[in-house]
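Chemist: Sharing query18.txt, compact mmCIF, C-alpha atoms:
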```
# COMPACT_ATOMS: atom_id res chain seq x y z
CA MET R 1 0.00 0.00 0.00
CA ARG R 2 1.26 3.45 -0.91
CA LYS R 3 2.17 5.46 2.19
CA ARG R 4 0.70 8.84 3.05
CA LEU R 5 2.65 11.72 4.64
CA LEU R 6 0.89 14.47 6.60
CA LEU R 7 2.48 17.93 6.31
CA LEU R 8 1.48 20.55 8.88
CA LEU R 9 1.99 24.07 7.56
CA TYR R 10 2.06 27.29 9.53
CA SER R 11 3.64 30.62 8.68
CA GLY R 12 6.33 30.31 11.36
CA GLY R 13 8.22 27.55 9.53
CA SER R 14 9.82 26.96 6.14
CA ALA R 15 7.86 28.24 3.15
CA PRO R 16 5.95 25.74 0.96
CA ASP R 17 7.99 26.56 -2.16
CA LEU R 18 11.02 25.09 -0.37
CA ILE R 19 9.27 22.06 1.13
CA TYR R 20 7.06 20.62 -1.62
CA PRO R 21 9.68 20.20 -4.38
CA SER R 22 11.66 17.98 -1.99
CA ILE R 23 9.01 15.87 -0.27
CA SER R 24 7.13 15.38 -3.55
CA LYS R 25 10.05 13.17 -4.65
CA LEU R 26 9.06 10.64 -2.00
CA ASP R 27 7.11 7.60 -3.15
CA THR R 28 4.13 8.68 -1.07
CA ASP R 29 0.91 10.65 -1.14
CA ILE R 30 0.99 14.04 0.59
CA VAL R 31 -1.87 15.53 2.59
CA THR R 32 -1.50 19.06 3.95
CA ILE R 33 -3.30 20.57 6.93
CA TYR R 34 -2.55 24.28 7.21
CA ILE R 35 -3.40 27.59 8.80
CA ARG R 36 -3.56 30.36 6.22
CA PRO R 37 -0.96 33.08 6.84
CA GLU R 38 -1.87 36.74 7.25
CA ASN R 39 1.20 37.95 5.31
CA LYS R 40 0.14 38.63 1.70
CA ALA R 41 3.36 37.40 0.06
CA LEU R 42 3.31 34.18 2.07
CA ASN R 43 -0.42 33.77 1.43
CA ASP R 44 0.29 33.96 -2.30
CA LEU R 45 2.88 31.19 -1.90
CA TYR R 46 0.29 29.04 -0.12
CA ASN R 47 -2.16 29.63 -2.97
CA ASN R 48 0.44 28.53 -5.52
CA TRP R 49 1.68 25.41 -3.70
CA VAL R 50 -0.78 24.04 -1.14
CA GLY R 51 -2.96 21.34 -2.71
CA LYS R 52 -0.70 20.95 -5.73
CA TYR R 53 0.55 17.53 -4.62
CA GLY R 54 -2.47 16.10 -2.81
CA ASP R 55 -5.34 16.80 -0.45
CA ALA R 56 -5.26 20.06 1.49
CA ILE R 57 -7.36 21.00 4.51
CA GLU R 58 -7.48 24.57 5.82
CA VAL R 59 -8.06 25.05 9.57
CA ASN R 60 -8.11 27.96 11.98
CA SER R 61 -6.26 26.54 14.98
CA PHE R 62 -3.70 23.95 16.05
CA GLN R 63 -6.40 21.94 17.84
CA GLU R 64 -8.32 21.77 14.56
CA MET R 65 -5.18 20.33 12.96
CA VAL R 66 -5.33 17.44 15.42
CA THR R 67 -9.07 16.89 14.95
CA GLU R 68 -8.89 16.97 11.16
CA ALA R 69 -5.85 14.65 11.05
CA ILE R 70 -7.64 12.02 13.17
CA ALA R 71 -10.79 12.27 11.05
CA TYR R 72 -8.83 12.03 7.79
CA HIS R 73 -6.93 8.97 9.08
CA VAL R 74 -10.17 6.97 9.44
CA ASN R 75 -10.62 6.59 5.67
CA LYS R 76 -7.14 7.44 4.39
CA PRO R 77 -4.48 6.11 6.79
CA ILE R 78 -1.60 8.47 7.60
CA HIS R 79 1.85 6.86 7.95
CA GLY R 80 3.96 9.85 8.96
CA VAL R 81 3.71 13.46 10.12
CA ILE R 82 6.16 16.28 9.40
CA THR R 83 6.37 19.97 10.18
CA PHE R 84 9.00 22.72 10.13
CA GLY R 85 7.33 25.35 12.34
CA GLU R 86 8.28 25.79 15.99
CA MET R 87 4.68 26.43 17.05
CA VAL R 88 3.45 23.25 15.33
CA LEU R 89 5.90 20.80 16.93
CA ASP R 90 3.58 19.95 19.82
CA THR R 91 0.64 19.59 17.42
CA ALA R 92 2.64 17.12 15.34
CA ALA R 93 3.57 15.23 18.50
CA GLN R 94 -0.12 15.05 19.53
CA ILE R 95 -1.10 13.63 16.14
CA ALA R 96 1.78 11.14 16.16
CA GLU R 97 0.81 10.00 19.65
CA LYS R 98 -2.85 9.43 18.71
CA LEU R 99 -2.05 7.70 15.38
CA ASN R 100 1.02 5.78 16.64
CA LEU R 101 3.41 7.45 14.20
CA PRO R 102 7.20 7.86 14.55
CA TYR R 103 7.90 11.22 16.20
CA ASN R 104 9.19 12.79 19.38
CA THR R 105 7.00 12.61 22.48
CA ARG R 106 5.06 15.64 23.67
CA LYS R 107 7.23 15.70 26.80
CA SER R 108 10.47 15.87 24.80
CA ILE R 109 9.00 18.65 22.64
CA GLU R 110 8.06 20.58 25.79
CA LEU R 111 11.63 20.23 27.07
CA SER R 112 13.00 21.51 23.76
CA GLN R 113 10.76 24.59 23.82
CA ASN R 114 10.64 25.58 27.49
CA LYS R 115 14.11 26.96 28.19
CA TYR R 116 13.70 26.71 31.96
CA LEU R 117 12.68 23.05 31.95
CA GLN R 118 15.35 22.32 29.36
CA ARG R 119 18.15 23.78 31.46
CA LYS R 120 16.82 22.06 34.58
CA VAL R 121 16.84 18.62 32.92
CA LEU R 122 20.22 19.15 31.26
CA HIS R 123 21.76 20.27 34.57
CA GLU R 124 20.28 17.27 36.39
CA ASN R 125 21.84 14.98 33.76
CA GLY R 126 25.30 16.53 33.98
CA VAL R 127 25.19 18.45 30.70
CA PRO R 128 26.93 21.84 31.16
CA VAL R 129 24.61 24.86 31.09
CA PRO R 130 24.91 28.41 32.44
CA LYS R 131 23.61 29.27 35.92
CA PHE R 132 19.93 30.18 35.66
CA HIS R 133 16.84 31.14 37.64
CA LEU R 134 13.19 31.30 36.62
CA ILE R 135 11.40 34.66 36.84
CA GLU R 136 7.61 34.35 36.98
CA GLY R 137 7.03 37.85 38.36
CA GLU R 138 8.66 40.89 39.95
CA ASN R 139 9.01 39.08 43.27
CA ASP R 140 11.52 36.69 41.70
CA LEU R 141 13.96 39.39 40.56
CA LYS R 142 15.99 39.74 43.77
CA ILE R 143 16.45 36.03 44.40
CA ALA R 144 17.38 35.59 40.73
CA CYS R 145 20.16 38.14 41.19
CA GLU R 146 21.41 36.31 44.29
CA LYS R 147 21.39 32.93 42.51
CA VAL R 148 22.92 34.04 39.20
CA GLY R 149 24.91 37.22 39.91
CA PHE R 150 26.09 39.81 37.38
CA PRO R 151 26.77 40.30 34.56
CA ALA R 152 23.70 38.35 33.48
CA VAL R 153 21.34 37.84 30.57
CA LEU R 154 17.55 38.18 30.64
CA LYS R 155 15.64 36.11 28.10
CA PRO R 156 12.11 34.71 27.67
CA VAL R 157 11.37 31.09 28.54
CA TYR R 158 9.83 30.79 25.08
CA GLY R 159 11.78 32.51 22.34
CA ALA R 160 14.15 32.17 19.41
CA GLY R 161 16.53 34.14 17.23
CA GLY R 162 17.62 36.60 19.93
CA TYR R 163 14.08 37.91 20.44
CA HIS R 164 13.83 40.00 23.64
CA ILE R 165 17.23 39.10 25.07
CA ALA R 166 19.28 41.67 26.96
CA SER R 167 22.49 41.82 28.95
CA VAL R 168 22.10 43.38 32.41
CA GLU R 169 24.80 44.59 34.79
CA SER R 170 22.86 45.36 37.99
CA TYR R 171 19.62 44.81 39.87
CA GLN R 172 18.39 48.28 38.90
CA GLU R 173 19.03 47.59 35.21
CA LEU R 174 17.33 44.18 35.50
CA VAL R 175 14.17 45.78 36.94
CA LYS R 176 14.09 48.34 34.13
CA VAL R 177 14.64 45.81 31.32
CA TYR R 178 12.24 43.27 32.83
CA THR R 179 9.51 45.91 33.08
CA ASP R 180 10.07 46.90 29.46
CA PHE R 181 10.14 43.31 28.22
CA THR R 182 6.98 42.22 30.04
CA GLN R 183 5.14 45.03 28.30
CA SER R 184 6.49 44.42 24.79
CA TYR R 185 7.06 40.63 24.66
CA LYS R 186 4.69 38.57 22.54
CA ASN R 187 4.81 34.78 22.52
CA TYR R 188 5.13 33.93 18.82
CA PHE R 189 6.64 30.53 19.57
CA VAL R 190 4.36 28.28 21.65
CA GLU R 191 0.57 28.36 21.90
CA ASN R 192 -0.59 29.32 25.41
CA GLY R 193 2.99 29.49 26.75
CA LYS R 194 3.35 31.70 29.84
CA PRO R 195 5.37 34.94 29.34
CA ASP R 196 7.98 33.97 31.95
CA PHE R 197 11.66 34.91 31.80
CA LEU R 198 15.02 33.46 32.77
CA LEU R 199 17.98 35.21 34.31
CA GLU R 200 21.19 33.46 33.24
CA GLU R 201 24.85 34.06 33.86
CA ARG R 202 26.43 35.90 30.95
CA MET R 203 28.90 33.34 29.68
CA GLU R 204 32.26 34.82 28.75
CA GLY R 205 33.35 33.19 25.54
CA VAL R 206 36.64 32.03 24.11
CA LYS R 207 37.31 31.50 20.43
CA TRP R 208 38.37 28.20 18.91
CA HIS R 209 39.12 29.76 15.52
CA LYS R 210 42.03 32.00 14.58
CA GLU R 211 40.13 34.36 12.26
CA ASP R 212 38.43 37.39 13.81
CA TYR R 213 35.13 36.98 11.96
CA TYR R 214 34.19 33.81 13.86
CA ALA R 215 32.07 34.04 17.01
CA ASP R 216 32.61 32.25 20.32
CA TYR R 217 29.57 30.02 19.81
CA LEU R 218 28.43 27.56 17.15
CA SER R 219 25.81 24.90 16.52
CA VAL R 220 25.61 21.16 15.95
CA GLU R 221 23.13 19.86 13.38
CA SER R 222 21.96 16.27 13.96
CA ILE R 223 19.37 13.78 12.73
CA ILE R 224 17.87 11.07 14.96
CA HIS R 225 16.29 7.83 13.76
CA HIS R 226 14.64 5.64 16.42
CA GLY R 227 17.06 6.94 19.05
CA GLU R 228 20.20 6.58 16.91
CA ILE R 229 21.97 9.94 16.59
CA TYR R 230 23.82 10.98 13.44
CA HIS R 231 25.63 14.33 13.38
CA LEU R 232 25.40 16.10 10.03
CA CYS R 233 27.90 18.87 10.76
CA VAL R 234 29.02 21.72 12.98
CA THR R 235 27.98 25.19 11.82
CA ASP R 236 30.41 28.05 12.52
CA ARG R 237 28.89 31.41 13.43
CA THR R 238 29.91 35.01 12.89
CA GLU R 239 30.00 37.70 15.58
CA ILE R 240 26.66 38.80 17.06
CA LEU R 241 25.46 42.39 17.10
CA GLU R 242 24.05 44.04 20.20
CA PRO R 243 21.79 43.36 21.92
CA PHE R 244 21.78 39.68 20.80
CA ARG R 245 21.36 39.65 17.02
CA GLU R 246 22.74 36.72 15.04
CA THR R 247 24.59 37.67 11.88
CA GLY R 248 25.79 34.59 10.03
CA TYR R 249 26.22 30.83 9.68
CA MET R 250 28.86 28.94 7.71
CA LEU R 251 29.23 25.20 7.12
CA PRO R 252 30.92 22.82 7.29
CA SER R 253 32.98 24.02 10.26
CA THR R 254 36.69 24.66 9.81
CA LEU R 255 37.43 23.24 13.28
CA GLY R 256 39.61 20.15 13.60
CA ASN R 257 38.13 16.68 14.04
CA ASP R 258 38.95 16.48 17.76
CA SER R 259 37.17 19.76 18.46
CA LYS R 260 34.13 18.72 16.44
CA GLU R 261 34.00 15.33 18.16
CA SER R 262 33.88 16.98 21.59
CA LEU R 263 30.93 19.07 20.42
CA TYR R 264 29.18 16.01 18.97
CA GLN R 265 29.52 14.23 22.31
CA MET R 266 27.97 17.17 24.16
CA ALA R 267 25.12 17.39 21.62
CA ALA R 268 24.42 13.66 21.96
CA ALA R 269 24.33 13.94 25.76
CA ALA R 270 21.78 16.76 25.50
CA ILE R 271 19.63 14.81 23.01
CA HIS R 272 19.58 11.76 25.28
CA ALA R 273 18.79 13.86 28.37
CA LEU R 274 15.76 15.47 26.70
CA GLY R 275 14.47 12.16 25.36
CA LEU R 276 14.47 13.12 21.68
CA LYS R 277 14.13 9.97 19.56
CA ASN R 278 13.08 10.99 16.02
CA GLY R 279 13.74 14.11 14.01
CA VAL R 280 16.33 16.81 13.48
CA THR R 281 18.01 18.92 16.16
CA HIS R 282 19.78 22.26 16.09
CA ILE R 283 21.91 22.69 19.24
CA GLU R 284 23.67 25.97 20.00
CA ILE R 285 26.81 25.77 22.14
CA LYS R 286 28.86 28.52 23.80
CA LEU R 287 32.64 28.11 24.01
CA THR R 288 33.85 29.20 27.45
CA GLU R 289 37.10 28.99 29.45
CA SER R 290 35.62 26.17 31.53
CA GLY R 291 34.54 24.29 28.40
CA PRO R 292 31.55 24.28 26.05
CA LYS R 293 28.09 24.89 27.51
CA ILE R 294 24.67 24.38 25.96
CA ILE R 295 22.87 27.58 24.97
CA GLU R 296 19.75 25.82 23.72
CA VAL R 297 18.46 22.64 22.09
CA ASN R 298 15.89 22.92 19.29
CA ALA R 299 13.89 19.92 18.06
CA ARG R 300 13.87 21.18 14.47
CA PRO R 301 16.38 22.28 11.85
CA GLY R 302 18.01 25.65 12.42
CA GLY R 303 16.77 28.43 10.16
CA GLY R 304 18.16 27.98 6.66
CA ILE R 305 19.99 24.72 7.45
CA PRO R 306 18.35 22.69 4.64
CA PHE R 307 19.29 25.31 2.02
CA ARG R 308 22.87 25.67 3.29
CA LEU R 309 23.35 21.91 3.34
CA ARG R 310 22.22 21.65 -0.27
CA LEU R 311 24.52 24.46 -1.37
CA ALA R 312 27.47 22.65 0.24
CA ASP R 313 26.35 19.21 -1.01
CA PRO R 314 23.84 19.40 -3.91
CA ASP R 315 23.01 15.72 -3.38
CA TYR R 316 21.89 16.17 0.22
CA ASP R 317 18.27 17.29 0.63
CA LEU R 318 17.32 17.59 4.31
CA PHE R 319 13.63 18.19 3.54
CA TYR R 320 13.55 14.89 1.62
CA GLU R 321 15.48 13.02 4.31
CA MET R 322 13.14 14.36 7.01
CA GLY R 323 10.23 13.08 4.94
CA ARG R 324 11.78 9.60 4.89
CA LEU R 325 12.46 9.85 8.61
CA SER R 326 8.84 10.79 9.30
CA LEU R 327 7.71 7.65 7.47
CA GLY R 328 9.93 5.48 9.67
CA GLU R 329 12.66 5.00 7.07
CA LYS R 330 16.34 5.50 7.84
CA PRO R 331 17.53 8.74 6.19
CA LYS R 332 20.85 9.48 4.56
CA THR R 333 23.01 10.63 7.44
CA ILE R 334 26.37 11.71 5.98
CA PRO R 335 26.53 14.73 3.66
CA ASP R 336 29.47 14.85 1.24
CA PHE R 337 30.49 18.49 1.41
CA LYS R 338 31.96 19.77 -1.85
CA ARG R 339 32.20 23.47 -0.95
CA SER R 340 31.38 25.96 1.78
CA ALA R 341 27.96 27.52 2.20
CA GLY R 342 26.60 30.22 4.44
CA SER R 343 23.82 32.63 5.13
CA PHE R 344 24.08 36.14 6.48
CA LEU R 345 21.49 38.30 8.21
CA LEU R 346 21.33 42.00 7.44
CA HIS R 347 20.50 44.31 10.34
CA GLY R 348 20.01 47.97 11.09
CA PRO R 349 21.82 49.90 13.87
CA ASN R 350 21.49 49.18 17.59
CA TYR R 351 18.69 51.69 18.17
CA ASN R 352 15.22 52.28 16.77
CA VAL R 353 15.27 53.73 13.27
CA LYS R 354 13.05 54.16 10.24
CA ILE R 355 14.31 52.98 6.85
CA ALA R 356 14.43 56.11 4.71
CA GLU R 357 15.86 54.49 1.57
CA LEU R 358 16.65 50.94 0.43
CA SER R 359 18.03 50.46 -3.07
CA ASN R 360 20.62 48.64 -5.25
CA ILE R 361 18.94 45.31 -4.44
CA GLN R 362 19.06 43.99 -8.02
CA LYS R 363 22.69 45.05 -8.36
CA ALA R 364 23.50 43.13 -5.18
CA ARG R 365 21.82 40.00 -6.56
CA GLU R 366 24.34 39.96 -9.40
CA ILE R 367 27.30 39.44 -7.04
CA PRO R 368 29.07 36.15 -7.92
CA GLY R 369 28.52 33.51 -5.25
CA LEU R 370 25.39 35.17 -3.90
CA GLU R 371 22.80 32.43 -4.39
CA LEU R 372 19.74 34.12 -2.94
CA LEU R 373 18.94 37.54 -1.48
CA ILE R 374 15.63 38.19 0.27
CA MET R 375 14.83 41.64 1.61
CA VAL R 376 12.05 41.39 4.20
CA LYS R 377 11.75 45.10 5.01
CA GLU R 378 11.16 48.13 2.82
CA ALA R 379 11.48 51.89 3.00
CA GLY R 380 9.21 53.35 5.66
CA THR R 381 9.59 50.41 8.04
CA ILE R 382 10.64 51.00 11.67
CA LEU R 383 13.33 48.66 13.03
CA ASP R 384 13.61 47.78 16.74
CA PRO R 385 16.83 45.88 17.58
CA LYS R 386 15.30 44.08 20.60
CA ASN R 387 13.06 42.24 18.12
CA SER R 388 16.23 40.76 16.61
CA LEU R 389 15.54 38.58 13.56
CA MET R 390 11.95 39.77 13.35
CA ASP R 391 13.22 43.24 12.48
CA MET R 392 16.16 42.37 10.25
CA LEU R 393 16.48 43.99 6.84
CA GLY R 394 16.88 40.72 4.98
CA PHE R 395 19.11 37.70 4.50
CA ALA R 396 21.39 36.17 1.90
CA TYR R 397 22.60 32.67 1.02
CA VAL R 398 26.10 32.38 -0.41
CA SER R 399 28.53 29.66 -1.52
CA GLY R 400 32.26 29.49 -2.21
CA LYS R 401 35.34 27.35 -1.81
CA THR R 402 36.25 28.61 1.66
CA HIS R 403 34.75 30.54 4.56
CA SER R 404 36.89 33.53 3.66
CA ASP R 405 35.17 33.52 0.25
CA LEU R 406 31.81 33.66 2.00
CA ILE R 407 32.90 36.58 4.17
CA ALA R 408 34.14 38.45 1.07
CA ILE R 409 30.73 38.00 -0.59
CA ARG R 410 29.00 39.23 2.55
CA ASP R 411 31.18 42.34 2.69
CA GLN R 412 30.56 43.09 -0.97
CA LEU R 413 26.82 42.71 -0.41
CA ILE R 414 26.84 45.18 2.48
CA ASP R 415 28.89 47.66 0.43
CA THR R 416 26.55 47.33 -2.57
CA LEU R 417 23.23 47.81 -0.81
CA ASN R 418 22.23 51.42 -0.33
CA VAL R 419 20.44 51.74 3.03
CA LYS R 420 19.68 55.05 4.72
CA TYR R 421 17.93 55.58 8.03
CA GLU R 422 16.21 58.39 9.87
CA PRO R 423 15.56 58.67 13.63
CA VAL R 424 12.20 57.83 15.18
```
Please re-express this file's structure in structure tokens.
Modeler:
Amino acid sequence: MRKRLLLLLYSGGSAPDLIYPSISKLDTDIVTIYIRPENKALNDLYNNWVGKYGDAIEVNSFQEMVTEAIAYHVNKPIHGVITFGEMVLDTAAQIAEKLNLPYNTRKSIELSQNKYLQRKVLHENGVPVPKFHLIEGENDLKIACEKVGFPAVLKPVYGAGGYHIASVESYQELVKVYTDFTQSYKNYFVENGKPDFLLEERMEGVKWHKEDYYADYLSVESIIHHGEIYHLCVTDRTEILEPFRETGYMLPSTLGNDSKESLYQMAAAAIHALGLKNGVTHIEIKLTESGPKIIEVNARPGGGIPFRLRLADPDYDLFYEMGRLSLGEKPKTIPDFKRSAGSFLLHGPNYNVKIAELSNIQKAREIPGLELLIMVKEAGTILDPKNSLMDMLGFAYVSGKTHSDLIAIRDQLIDTLNVKYEPV
């Protein structure tokens, strides 16, 4: 009997024009359950792609996704479920649990999304993490200071991409930032998640690379099949911008094998501790004087990882391999990297501004080695740095022989784009 794969689509994950061309190569039928996005450009993509390769069911909530999946399964059995959106991970786990499909448990998904519970479990299992304390209200601020000390970092329990993260140097500054954050924070990441925060020690980093453009943190990309862990690669990162804005990712890492192996061992320990058994993980690790420490574990691919992997190895399609994994099949686990690939995020300054002018975009797209340039903001838009990736100008994917080639392309891109700001 021909298998059937259920794809859950929501605007917070990878776009359908990237997903369908890959999973449609599987020898399977595809059924899509989706929530229509509010963004016009993304809505147009949904109109062009959703339903093109099989049945499509539009719903208005994540609970409706579960209900519709169970009802559909009665007459047309579903053999696997897949999603790429952070907010849909628990929904996929619910469906997998009810239909007995290969996936991570709801508990392991909760541990991957709730940063407090994640750090608590990792610490209890001997996996190095920074000192931390949960802040559920103003009354927790003083004891958090006593437990963690300064300098420290305030971040939401549910968050990603540097959203609402700030470094604080004193109790007075913590109170001010916490008050600001509780008023402006919106939980875009987990349905019904409480708007709690964590105070963590600010880890002082050390660099494992010689070149200045590398940051003191990186990530491990892994794929898990029935509890067996396979590490795809280490991704090197470029320096962050204040307050905590990521700027770039380059793979495969230029670190030596011994260094990468130590990171793989730490990633595996974290995966085991959180009980993740099926899927892809993106684990960020800080390099400190006392050794590497886990920043966070994500039970999904890191943003842009599938595209970067394919640029570095055209024969490795992570979307396709995740489809096979979701159907219970063992995926291809070892990419054969033929070149370097990266993506860079374009940001405004470290204060609120309005984009007065944005031009030379087409000229920038003609830069050799620049594979894709997407500008997500336009003239007239206000940028707030505390929103991090949500208020970036755009992003670019690049490829070259070496990491230094990628950096050169990035620098040429920044020089070519004409961006002017005005105060707000």
Chemist: Between R:Gly205, R:Pro368, R:Pro102, R:Gly303, which residue has the minimum interatomic distance to His79 in chain R, considering all atoms listed in the file?
Modeler: R:Pro102
Chemist: Ranking R:Ser184, R:Glu110, R:Glu204, R:His73 by minimum distance to Asp90 in chain R and counting only C-alpha atoms, which one comes first?
Modeler: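 Among the listed residues, R:Glu110 lies closest to Asp90 in chain R.
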Chemist: Ranking R:Gly12, R:Pro306, R:Gly400, R:Gly380 by minimum distance to Ala341 in chain R and counting all atoms listed in the file, which one comes first?
Modeler: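 The answer is R:Gly400, which sits nearest to Ala341 in chain R.
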Chemist: Which value, in Å to one decimal, gives the distance between CA of Gln94 in chain R and CA of Thr67 in chain R?
Modeler: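 CA of Thr67 in chain R lies 10.2 Å from CA of Gln94 in chain R.
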Chemist: Identify, on the basis of all atoms listed in the file, every residue whose closest approach to Lys107 in chain R does not exceed 9 Å; exclude the query and any residue fewer than 4 positions from it along the same chain; express the result as a list in words.
Modeler: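 That gives Asp90, Leu111, Ser112, Leu274 and Gly275 of chain R.
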Chemist: What would the list of residues within 9 Å of (18.3, 40.1, 41.2) (file frame) look like as a list in words, if only C-alpha atoms are what count?
Modeler: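 Residues with an atom close enough to that point: Asp140, Leu141, Lys142, Ile143, Ala144, Cys145, Glu146, Lys147, Val148, Gly149, Phe150, Ser170, Tyr171, Gln172, Leu174, Val175 and Leu199 of chain R.
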Chemist: Could you take the residues named above and write them with C-alpha atoms, as a compact mmCIF listing (two decimals), keeping the file's coordinate frame?
Modeler:
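Output contents, as saved in again_27.txt:
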```txt
# COMPACT_ATOMS: atom_id res chain seq x y z
CA ASP R 140 11.52 36.69 41.70
CA LEU R 141 13.96 39.39 40.56
CA LYS R 142 15.99 39.74 43.77
CA ILE R 143 16.45 36.03 44.40
CA ALA R 144 17.38 35.59 40.73
CA CYS R 145 20.16 38.14 41.19
CA GLU R 146 21.41 36.31 44.29
CA LYS R 147 21.39 32.93 42.51
CA VAL R 148 22.92 34.04 39.20
CA GLY R 149 24.91 37.22 39.91
CA PHE R 150 26.09 39.81 37.38
CA SER R 170 22.86 45.36 37.99
CA TYR R 171 19.62 44.81 39.87
CA GLN R 172 18.39 48.28 38.90
CA LEU R 174 17.33 44.18 35.50
CA VAL R 175 14.17 45.78 36.94
CA LEU R 199 17.98 35.21 34.31
```
Chemist: Name the residues in contact with range 213-223 of chain R at a cut-off of 7 Å, using all atoms listed in the file, excluding same-chain residues fewer than 4 positions from it; report them as a list of chain:residue names.
Modeler: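 Surrounding residues, per the criterion: R:Gly205, R:Val206, R:Lys207, R:His209, R:Ile229, R:Tyr230, R:His231, R:Leu232, R:Cys233, R:Val234, R:Thr235, R:Asp236, R:Arg237, R:Thr238, R:Glu239, R:Tyr264, R:Ala267, R:Gly279, R:Val280, R:Thr281, R:His282, R:Ile283, R:Glu284, R:Ile285, R:Lys286, R:Leu287.
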Chemist: Some atoms are missing, so please complete range 64-69 of chain R with all heavy atoms and return it as a PDB file, keeping the file's coordinate frame.
Modeler:
```
ATOM      1  N   GLU R  64      -7.617  22.242  15.753  1.00  0.00           N
ATOM      2  CA  GLU R  64      -8.320  21.770  14.560  1.00  0.00           C
ATOM      3  C   GLU R  64      -7.418  20.892  13.707  1.00  0.00           C
ATOM      4  O   GLU R  64      -7.897  19.958  13.047  1.00  0.00           O
ATOM      5  CB  GLU R  64      -8.834  22.956  13.734  1.00  0.00           C
ATOM      6  CG  GLU R  64     -10.122  23.561  14.230  1.00  0.00           C
ATOM      7  CD  GLU R  64     -10.664  24.588  13.238  1.00  0.00           C
ATOM      8  OE1 GLU R  64     -10.938  24.215  12.081  1.00  0.00           O
ATOM      9  OE2 GLU R  64     -10.788  25.762  13.632  1.00  0.00           O
ATOM     10  N   MET R  65      -6.120  21.190  13.694  1.00  0.00           N
ATOM     11  CA  MET R  65      -5.180  20.330  12.960  1.00  0.00           C
ATOM     12  C   MET R  65      -5.260  18.896  13.482  1.00  0.00           C
ATOM     13  O   MET R  65      -5.302  17.942  12.703  1.00  0.00           O
ATOM     14  CB  MET R  65      -3.747  20.858  13.105  1.00  0.00           C
ATOM     15  CG  MET R  65      -3.402  22.049  12.255  1.00  0.00           C
ATOM     16  SD  MET R  65      -1.620  22.445  12.395  1.00  0.00           S
ATOM     17  CE  MET R  65      -1.432  23.584  11.008  1.00  0.00           C
ATOM     18  N   VAL R  66      -5.276  18.761  14.803  1.00  0.00           N
ATOM     19  CA  VAL R  66      -5.330  17.440  15.420  1.00  0.00           C
ATOM     20  C   VAL R  66      -6.648  16.748  15.067  1.00  0.00           C
ATOM     21  O   VAL R  66      -6.673  15.583  14.646  1.00  0.00           O
ATOM     22  CB  VAL R  66      -5.179  17.543  16.955  1.00  0.00           C
ATOM     23  CG1 VAL R  66      -5.290  16.162  17.593  1.00  0.00           C
ATOM     24  CG2 VAL R  66      -3.842  18.192  17.320  1.00  0.00           C
ATOM     25  N   THR R  67      -7.744  17.465  15.219  1.00  0.00           N
ATOM     26  CA  THR R  67      -9.070  16.890  14.950  1.00  0.00           C
ATOM     27  C   THR R  67      -9.196  16.440  13.503  1.00  0.00           C
ATOM     28  O   THR R  67      -9.686  15.336  13.228  1.00  0.00           O
ATOM     29  CB  THR R  67     -10.167  17.928  15.273  1.00  0.00           C
ATOM     30  OG1 THR R  67     -10.035  18.339  16.640  1.00  0.00           O
ATOM     31  CG2 THR R  67     -11.550  17.352  15.040  1.00  0.00           C
ATOM     32  N   GLU R  68      -8.771  17.290  12.583  1.00  0.00           N
ATOM     33  CA  GLU R  68      -8.890  16.970  11.160  1.00  0.00           C
ATOM     34  C   GLU R  68      -7.972  15.808  10.768  1.00  0.00           C
ATOM     35  O   GLU R  68      -8.333  14.976   9.927  1.00  0.00           O
ATOM     36  CB  GLU R  68      -8.557  18.199  10.309  1.00  0.00           C
ATOM     37  CG  GLU R  68      -9.591  19.310  10.385  1.00  0.00           C
ATOM     38  CD  GLU R  68     -10.926  18.909   9.759  1.00  0.00           C
ATOM     39  OE1 GLU R  68     -10.944  17.994   8.918  1.00  0.00           O
ATOM     40  OE2 GLU R  68     -11.949  19.532  10.117  1.00  0.00           O
ATOM     41  N   ALA R  69      -6.775  15.747  11.358  1.00  0.00           N
ATOM     42  CA  ALA R  69      -5.850  14.650  11.050  1.00  0.00           C
ATOM     43  C   ALA R  69      -6.443  13.314  11.473  1.00  0.00           C
ATOM     44  O   ALA R  69      -6.377  12.317  10.728  1.00  0.00           O
ATOM     45  CB  ALA R  69      -4.511  14.883  11.736  1.00  0.00           C
TER      46      ALA R  69
END
```
